[in-house]
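So the structure is just underneath, and the comments pick up after that.
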Amino acid sequence: MQVVIVAAVVAGCAVLAYVNAGSRAQDAARDQVVAAATAVADSGDVVRAAQSADPSADLQPYALRVAADADVDFVTIMDPHGIRWTHPDPSLIGEHFLGHIGPALRGATFTETYTGSLGPSVRVVTPIRAGDRIVGLVSIGIKIDTISHQVRRQLSALLAVALAALTVGGLGTYVANRRLRRHTHGMAAAELSRMYDYHQATLHAVREGLVLLDADRRVALCNDAARELLGLGGDVVGRYVDGLGLPPSLTGALLAAEPRVDEVHLTAERVVVVNTSPVRGGEQRGTVVTLRDHTDLQALTGELDSVRGFAEALRSQAHESSNRLHTVVSLIELGRSAEAVDFATSELELAQALTDRVVAAVGEPVLAALLLGKAAEAHERGVELTVTDDSRMDDGVLPPALAARDLVTVLGNLIDNAVDAAIEGAARGGSRPSVTVRARAGEDELLLQVTDSGRGVDPAAALEVFRRGWTTKSEGRGLGLALVEQAARRAGGTVGLDRSSGGGARFTVRLPLRQEARA
């Protein structure tokens with residue numbers, strides 16, 4: 001198609017050049033005959049011969065010489081009546097001139113294209129003056145055939161130039177097309193269009209987030225899933241990563257030069273798994289970022305941990321019950337029935353007291369199961385977990401917007417951190433490890449408070465504890481408190497941290513129970 005267009009343009013230019021050359025040739029012929037005729041008419045020999053008795057005798061040889069020297073086809077000199085004194089064909093001398101002579105008789109020099117005795121020609125007619133009298137007329141012309149022959153001689157050069165232009169245009173088209181194919185991996189326009197359609201459909205269809213960053217760490221592409229996972233609004237293409245308002249840890253992962261594999265990060269509303277892979281080709285060209293939603297999985301993992309802990313606590317209790325049962329049987333076998341009854345009754349009262357307190361205080365079944373499981377798990381680890389006497393949360397007080405899953409995330413992570421802190425504090429010479437839980441539902445808000453007997457949190461780090469990766473434990477942890485803060489913020493609540501009267505850490509979570517409280 002490009003070659004056809006180039007050929008059409010060259011052919012059109014060639015035709016225009018040919019037509020223009022013909023027009024210029026006729027203009028040049030007119031200028032040539034006018035100059036020659038004026039010179040002949042002004043010649044003194046011509047004026048004297050025109051007034052002689054036999055003008056043809058002197059003027060015919062003169063006219064032939066002028067025609068040869070001026071490179072014209074004819075020089076005709078005539079009297080004022082149009083009777084020829086000279087002509088290239090001597091047999092026509094004495095006959096009437098074929099053409100117009102009226103303007104010349106009035107003293108004007110004019111040109112015309114006329115078909116005379118020699119055929120069509122471009123001619124001029126001008127008067128010969130002897131003072132104020134017109135004593136004769138001069139007509140000099142060039143045949144149209146002669147002019148056409150001159151134009152045809154230029155045609156070969158014109159065709160050579162057109163052919164050269166076509167060759168250069170075709171070669172340039174080939175080189176440009178070859179270079180374009182190399183950049184598009186051999187795909188033509190239809191293939192590129194089809195691939196673009198597939199590309200757009202794929203980007204909008206995949207549930208994983210996809211972000212492409214250029215070498216300057218600006219967003220080159222961001223699909224719908226990535227916008228939703230990162231909480232981005234508007235057009236983000238062309239914006240720098242550090243200007244998207246993402247959490248610092250996530251921004252650092254996106255800006256890192258080395259690849260990141262399955263890193264868990266928190267946004268304002270979600271938990272995402274981030275993978276980055278630099279795109280290199282001799283130099284770094286950008287980064288491909290994939291994002292997977294880990295929010296629901298993280299919540300389910302928290303619930304699974306709670307259930308698993310509860311099951312482990314039941315296993316532990318079953319083991320302890322087996323030991324106690326063996327003790328009761330042994331006492332009976334020793335004939336000490338009264339002591340066996342007292343031992344069994346005291347153990348049942350102790351276990352039932354904790355269960356009754358939790359069930360009476362917390363009517364929400366999921367949280368009640370969580371507290372019982374955490375209490376048994378803490379007891380197995382040597383930590384006393386108690387629920388305050390003023391705790392009260394009836395079943396059904398939670399609004400639909402406040403999911404029990406979020407409460408499990410909040411309370412489960414706070415209790416786990418409190419148990420670890422209490423054990424660590426006891427290991428460093430502190431008091432007996434203990435954790436106190438307070439859960440109270442008021443008219444407008446739900447209060448969750450977890451206090452431990454550990455060493456507390458450094459006030460300088462109070463604002464950092466909810467940041468992803470902050471931990472006093474081994475590397476690879478530090479996500480629990482960040483999830484607590486995220487879940488509370490998602491529910492429209494707040495998380496606070498201070499020091500208890502015993503010196504340990506006290507986390508306080510306040511969650512609104514009314515929809516207007518979240519507005």
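Just remember, in the structure tokens the first chain shown is A, the second B, etc., residues are 1-based per chain, and ligands are 1-based in the order shown.
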I'd like the contact shell of segment 4-12 of chain A - 10 Å cut-off, only C-alpha atoms, skipping same-chain residues fewer than 5 positions apart - returned as an mmCIF file with all heavy atoms, in the first residue's frame.
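This is the output file part-v1.cif:
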```
data_model
loop_
_atom_site.group_PDB
_atom_site.id
_atom_site.type_symbol
_atom_site.label_atom_id
_atom_site.label_comp_id
_atom_site.auth_asym_id
_atom_site.auth_seq_id
_atom_site.Cartn_x
_atom_site.Cartn_y
_atom_site.Cartn_z
ATOM 1 N N ALA A 17 4.521 17.896 -13.934
ATOM 2 C CA ALA A 17 5.773 18.461 -14.445
ATOM 3 C C ALA A 17 5.770 18.499 -15.973
ATOM 4 O O ALA A 17 6.246 19.461 -16.598
ATOM 5 C CB ALA A 17 6.961 17.641 -13.934
ATOM 6 N N TYR A 18 5.200 17.443 -16.602
ATOM 7 C CA TYR A 18 5.134 17.406 -18.075
ATOM 8 C C TYR A 18 4.235 18.514 -18.613
ATOM 9 O O TYR A 18 4.585 19.227 -19.558
ATOM 10 C CB TYR A 18 4.639 16.037 -18.521
ATOM 11 C CG TYR A 18 4.527 15.892 -20.019
ATOM 12 C CD1 TYR A 18 5.656 15.708 -20.807
ATOM 13 C CD2 TYR A 18 3.280 15.962 -20.642
ATOM 14 C CE1 TYR A 18 5.556 15.585 -22.187
ATOM 15 C CE2 TYR A 18 3.164 15.846 -22.017
ATOM 16 C CZ TYR A 18 4.307 15.651 -22.784
ATOM 17 O OH TYR A 18 4.209 15.546 -24.138
ATOM 18 N N LEU A 159 11.187 11.277 -16.799
ATOM 19 C CA LEU A 159 10.898 9.895 -16.424
ATOM 20 C C LEU A 159 12.024 9.299 -15.585
ATOM 21 O O LEU A 159 11.779 8.526 -14.652
ATOM 22 C CB LEU A 159 10.672 9.045 -17.682
ATOM 23 C CG LEU A 159 9.383 9.341 -18.455
ATOM 24 C CD1 LEU A 159 9.314 8.494 -19.717
ATOM 25 C CD2 LEU A 159 8.160 9.083 -17.584
ATOM 26 N N VAL A 161 13.976 10.946 -13.525
ATOM 27 C CA VAL A 161 13.849 11.510 -12.172
ATOM 28 C C VAL A 161 12.692 10.846 -11.424
ATOM 29 O O VAL A 161 12.804 10.507 -10.238
ATOM 30 C CB VAL A 161 13.650 13.038 -12.256
ATOM 31 C CG1 VAL A 161 13.319 13.611 -10.888
ATOM 32 C CG2 VAL A 161 14.892 13.708 -12.825
ATOM 33 N N ALA A 162 11.561 10.625 -12.124
ATOM 34 C CA ALA A 162 10.416 9.990 -11.478
ATOM 35 C C ALA A 162 10.746 8.560 -11.060
ATOM 36 O O ALA A 162 10.376 8.110 -9.966
ATOM 37 C CB ALA A 162 9.207 10.001 -12.429
ATOM 38 N N LEU A 163 11.460 7.835 -11.930
ATOM 39 C CA LEU A 163 11.845 6.471 -11.597
ATOM 40 C C LEU A 163 12.793 6.444 -10.402
ATOM 41 O O LEU A 163 12.671 5.583 -9.512
ATOM 42 C CB LEU A 163 12.492 5.803 -12.804
ATOM 43 C CG LEU A 163 12.888 4.328 -12.622
ATOM 44 C CD1 LEU A 163 11.653 3.490 -12.304
ATOM 45 C CD2 LEU A 163 13.584 3.809 -13.881
ATOM 46 N N ALA A 164 13.726 7.393 -10.375
ATOM 47 C CA ALA A 164 14.636 7.469 -9.230
ATOM 48 C C ALA A 164 13.867 7.774 -7.942
ATOM 49 O O ALA A 164 14.134 7.176 -6.886
ATOM 50 C CB ALA A 164 15.699 8.538 -9.483
ATOM 51 N N ALA A 165 12.884 8.703 -8.023
ATOM 52 C CA ALA A 165 12.087 9.026 -6.841
ATOM 53 C C ALA A 165 11.276 7.817 -6.382
ATOM 54 O O ALA A 165 11.162 7.543 -5.178
ATOM 55 C CB ALA A 165 11.152 10.200 -7.148
ATOM 56 N N LEU A 166 10.728 7.062 -7.336
ATOM 57 C CA LEU A 166 9.975 5.873 -6.983
ATOM 58 C C LEU A 166 10.867 4.814 -6.336
ATOM 59 O O LEU A 166 10.476 4.154 -5.369
ATOM 60 C CB LEU A 166 9.305 5.306 -8.238
ATOM 61 C CG LEU A 166 8.446 4.049 -8.048
ATOM 62 C CD1 LEU A 166 7.304 4.332 -7.089
ATOM 63 C CD2 LEU A 166 7.914 3.562 -9.387
ATOM 64 N N THR A 167 12.072 4.688 -6.866
ATOM 65 C CA THR A 167 13.006 3.715 -6.295
ATOM 66 C C THR A 167 13.391 4.096 -4.868
ATOM 67 O O THR A 167 13.385 3.258 -3.960
ATOM 68 C CB THR A 167 14.265 3.626 -7.173
ATOM 69 O OG1 THR A 167 13.884 3.258 -8.501
ATOM 70 C CG2 THR A 167 15.240 2.593 -6.610
ATOM 71 N N VAL A 168 13.726 5.387 -4.680
ATOM 72 C CA VAL A 168 14.090 5.843 -3.328
ATOM 73 C C VAL A 168 12.906 5.699 -2.373
ATOM 74 O O VAL A 168 13.056 5.251 -1.226
ATOM 75 C CB VAL A 168 14.581 7.302 -3.379
ATOM 76 C CG1 VAL A 168 14.785 7.857 -1.973
ATOM 77 C CG2 VAL A 168 15.883 7.393 -4.161
ATOM 78 N N GLY A 169 11.693 6.068 -2.840
ATOM 79 C CA GLY A 169 10.515 5.924 -1.982
ATOM 80 C C GLY A 169 10.229 4.478 -1.629
ATOM 81 O O GLY A 169 9.917 4.157 -0.475
ATOM 82 N N GLY A 170 10.334 3.586 -2.624
ATOM 83 C CA GLY A 170 10.113 2.168 -2.349
ATOM 84 C C GLY A 170 11.151 1.605 -1.394
ATOM 85 O O GLY A 170 10.818 0.832 -0.485
ATOM 86 N N THR A 173 10.419 2.888 2.022
ATOM 87 C CA THR A 173 9.269 2.167 2.576
ATOM 88 C C THR A 173 9.669 0.789 3.074
ATOM 89 O O THR A 173 9.237 0.351 4.152
ATOM 90 C CB THR A 173 8.180 2.050 1.493
ATOM 91 O OG1 THR A 173 7.754 3.354 1.121
ATOM 92 C CG2 THR A 173 6.995 1.263 2.007
#
```
Near His100 of chain A, counting only C-alpha atoms, which residues have an atom at most 9 Å away, once you skip same-chain residues fewer than 6 positions from it, shown as a list in words?
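Listed by chain and then number, they are Glu112, Tyr114 and Val125 of chain A.
With distances restricted to only C-alpha atoms, A:Leu137 is the closest residue to Asp79 of chain A from A:Met187, A:Leu137, A:Leu92, A:Val47.
Between atom CA of Arg84 of chain A and atom CA of His149 of chain A the interatomic distance comes to 28.0 Å.
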List as a PDB file with N, CA and C atoms, in the first residue's frame the protein and nucleic acid residues near Val358 of chain A, meaning an atom at most 8 Å away when only C-alpha atoms are counted, but skip any in the same chain fewer than 3 places from it.
```
ATOM      1  N   LEU A 354     -14.809 -20.576  84.659  1.00  0.00           N
ATOM      2  CA  LEU A 354     -14.315 -19.797  83.531  1.00  0.00           C
ATOM      3  C   LEU A 354     -15.290 -19.842  82.363  1.00  0.00           C
ATOM      4  N   THR A 355     -15.822 -21.042  82.100  1.00  0.00           N
ATOM      5  CA  THR A 355     -16.777 -21.176  80.993  1.00  0.00           C
ATOM      6  C   THR A 355     -18.032 -20.351  81.248  1.00  0.00           C
ATOM      7  N   ALA A 361     -20.788 -13.404  79.933  1.00  0.00           N
ATOM      8  CA  ALA A 361     -20.370 -12.049  79.566  1.00  0.00           C
ATOM      9  C   ALA A 361     -20.460 -11.816  78.067  1.00  0.00           C
ATOM     10  N   VAL A 362     -20.123 -12.818  77.260  1.00  0.00           N
ATOM     11  CA  VAL A 362     -20.056 -12.653  75.819  1.00  0.00           C
ATOM     12  C   VAL A 362     -21.097 -13.565  75.175  1.00  0.00           C
ATOM     13  N   ALA A 368     -17.163 -15.850  71.948  1.00  0.00           N
ATOM     14  CA  ALA A 368     -17.126 -16.716  73.128  1.00  0.00           C
ATOM     15  C   ALA A 368     -16.235 -17.929  72.886  1.00  0.00           C
ATOM     16  N   LEU A 371     -12.611 -16.757  72.951  1.00  0.00           N
ATOM     17  CA  LEU A 371     -12.091 -16.522  74.299  1.00  0.00           C
ATOM     18  C   LEU A 371     -11.840 -17.830  75.042  1.00  0.00           C
ATOM     19  N   LEU A 372     -12.747 -18.777  74.913  1.00  0.00           N
ATOM     20  CA  LEU A 372     -12.540 -20.065  75.575  1.00  0.00           C
ATOM     21  C   LEU A 372     -11.313 -20.775  75.020  1.00  0.00           C
ATOM     22  N   VAL A 387     -11.417 -12.737  82.181  1.00  0.00           N
ATOM     23  CA  VAL A 387     -12.352 -11.781  81.596  1.00  0.00           C
ATOM     24  C   VAL A 387     -12.886 -10.922  82.729  1.00  0.00           C
TER      25      VAL A 387
END
```
Could you jot down the atom CA of Gly238 of chain A to atom CA of Asp216 of chain A separation for me, Å, one decimal place?
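Separating atom CA of Gly238 of chain A from atom CA of Asp216 of chain A is a distance of 9.9 Å.
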DSSP says helix (DSSP H, G or I) for which residues of segment 220-416 of chain A? Put them as an MDAnalysis selection string?
chainID A and resid 224:230 241:243 248:255 295:333 337:361 365:380 404:416
Do a neighbour search on segment 59-73 of chain A at 8 Å with only C-alpha atoms, toss out local chain neighbours closer than 4 positions, and write the hits as a PyMOL selection string.
chain A and resi 33+36+46+49+55+77+85-88+140-143
As a ChimeraX atom specification, please: the residues near Ala21 of chain A (cut-off 12 Å, only C-alpha atoms, same-chain neighbours under 4 positions excluded).
/A:13-17,25-28,147-155,157-158
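Near Asp394 of chain A, within 12 Å and counting only C-alpha atoms, sit A:Val358, A:Val359, A:Ala360, A:Ala361, A:Val362, A:Gly363, A:Glu364, A:Pro365, A:Val366, A:Leu367, A:Ala368, A:Ser391, A:Val397, A:Leu398, A:Ala439, A:Arg440, A:Ala441, A:Gly442, A:Glu443, A:Leu446, not including residues fewer than 3 positions from it in the same chain.
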Contacts of Val419 of chain A at 12 Å (only C-alpha atoms; same-chain gap of 5+ positions) as a PyMOL selection string:
chain A and resi 374-386+412-414+424-426+432-437+450-454+504-505
Any chance you could export the current selection's N, CA and C atoms as a CSV table (one decimal), in the first residue's frame?
```
chain,number,residue,atom,x,y,z
A,374,LYS,N,-8.7,-19.4,73.5
A,374,LYS,CA,-7.5,-18.6,73.9
A,374,LYS,C,-7.2,-18.8,75.4
A,375,ALA,N,-8.2,-18.9,76.2
A,375,ALA,CA,-8.0,-19.1,77.6
A,375,ALA,C,-7.4,-20.5,77.9
A,376,ALA,N,-7.9,-21.5,77.2
A,376,ALA,CA,-7.3,-22.9,77.3
A,376,ALA,C,-5.9,-22.9,76.8
A,377,GLU,N,-5.6,-22.2,75.7
A,377,GLU,CA,-4.3,-22.2,75.1
A,377,GLU,C,-3.3,-21.4,76.0
A,378,ALA,N,-3.8,-20.3,76.6
A,378,ALA,CA,-3.0,-19.6,77.5
A,378,ALA,C,-2.7,-20.4,78.8
A,379,HIS,N,-3.7,-21.1,79.3
A,379,HIS,CA,-3.5,-21.9,80.5
A,379,HIS,C,-2.4,-23.0,80.2
A,380,GLU,N,-2.5,-23.6,79.0
A,380,GLU,CA,-1.5,-24.6,78.7
A,380,GLU,C,-0.1,-24.0,78.6
A,381,ARG,N,0.1,-22.7,78.2
A,381,ARG,CA,1.4,-22.1,78.2
A,381,ARG,C,1.8,-21.4,79.5
A,382,GLY,N,0.9,-21.6,80.5
A,382,GLY,CA,1.3,-21.1,81.8
A,382,GLY,C,0.8,-19.6,82.0
A,383,VAL,N,-0.1,-19.2,81.3
A,383,VAL,CA,-0.6,-17.8,81.4
A,383,VAL,C,-2.0,-17.8,81.8
A,384,GLU,N,-2.4,-17.0,82.8
A,384,GLU,CA,-3.7,-16.9,83.3
A,384,GLU,C,-4.5,-15.8,82.5
A,385,LEU,N,-5.5,-16.3,81.8
A,385,LEU,CA,-6.4,-15.4,81.0
A,385,LEU,C,-7.7,-15.2,81.7
A,386,THR,N,-8.0,-14.0,82.0
A,386,THR,CA,-9.3,-13.7,82.7
A,386,THR,C,-10.1,-12.7,82.0
A,412,GLY,N,-8.3,-11.7,68.5
A,412,GLY,CA,-7.4,-12.9,68.5
A,412,GLY,C,-6.0,-12.4,68.4
A,413,ASN,N,-5.6,-11.4,67.6
A,413,ASN,CA,-4.3,-11.0,67.5
A,413,ASN,C,-3.8,-10.2,68.7
A,414,LEU,N,-4.7,-9.5,69.3
A,414,LEU,CA,-4.4,-8.8,70.6
A,414,LEU,C,-4.1,-9.8,71.7
A,424,GLU,N,7.1,-13.4,78.0
A,424,GLU,CA,8.5,-12.7,77.8
A,424,GLU,C,8.8,-11.9,79.1
A,425,GLY,N,7.8,-11.2,79.6
A,425,GLY,CA,8.0,-10.4,80.8
A,425,GLY,C,8.3,-11.3,82.0
A,426,ALA,N,7.6,-12.5,82.1
A,426,ALA,CA,7.9,-13.4,83.2
A,426,ALA,C,9.3,-14.0,83.1
A,432,ARG,N,3.9,-13.3,87.7
A,432,ARG,CA,3.3,-14.4,87.0
A,432,ARG,C,2.6,-13.9,85.8
A,433,PRO,N,2.7,-14.5,84.7
A,433,PRO,CA,2.1,-14.0,83.4
A,433,PRO,C,0.6,-14.1,83.5
A,434,SER,N,0.0,-13.0,83.1
A,434,SER,CA,-1.5,-13.0,83.0
A,434,SER,C,-1.9,-12.0,81.9
A,435,VAL,N,-3.1,-12.3,81.5
A,435,VAL,CA,-3.7,-11.4,80.4
A,435,VAL,C,-5.2,-11.2,80.9
A,436,THR,N,-5.6,-9.9,80.8
A,436,THR,CA,-7.0,-9.6,81.1
A,436,THR,C,-7.7,-9.0,79.9
A,437,VAL,N,-8.9,-9.6,79.7
A,437,VAL,CA,-9.7,-9.2,78.5
A,437,VAL,C,-10.9,-8.5,79.0
A,450,VAL,N,-7.4,-5.3,76.0
A,450,VAL,CA,-6.6,-6.4,76.3
A,450,VAL,C,-5.3,-5.9,77.0
A,451,THR,N,-5.1,-6.4,78.3
A,451,THR,CA,-4.0,-5.9,79.1
A,451,THR,C,-3.1,-7.1,79.4
A,452,ASP,N,-1.8,-6.9,79.4
A,452,ASP,CA,-0.9,-8.0,79.7
A,452,ASP,C,0.0,-7.6,80.9
A,453,SER,N,0.7,-8.6,81.4
A,453,SER,CA,1.6,-8.3,82.6
A,453,SER,C,3.0,-8.2,82.1
A,454,GLY,N,3.2,-7.9,80.9
A,454,GLY,CA,4.6,-7.9,80.4
A,454,GLY,C,5.3,-6.6,80.7
A,504,GLY,N,2.4,-3.2,82.2
A,504,GLY,CA,2.2,-3.9,80.9
A,504,GLY,C,1.6,-3.1,79.9
A,505,ALA,N,1.4,-3.6,78.7
A,505,ALA,CA,0.8,-2.9,77.6
A,505,ALA,C,-0.7,-3.1,77.7
```
So the first atom is atom CA of Ile128 of chain A and the second is atom CA of Asp42 of chain A; what is the distance between them in Å, to one decimal place?
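Spanning atom CA of Ile128 of chain A to atom CA of Asp42 of chain A is a straight-line distance of 7.0 Å.
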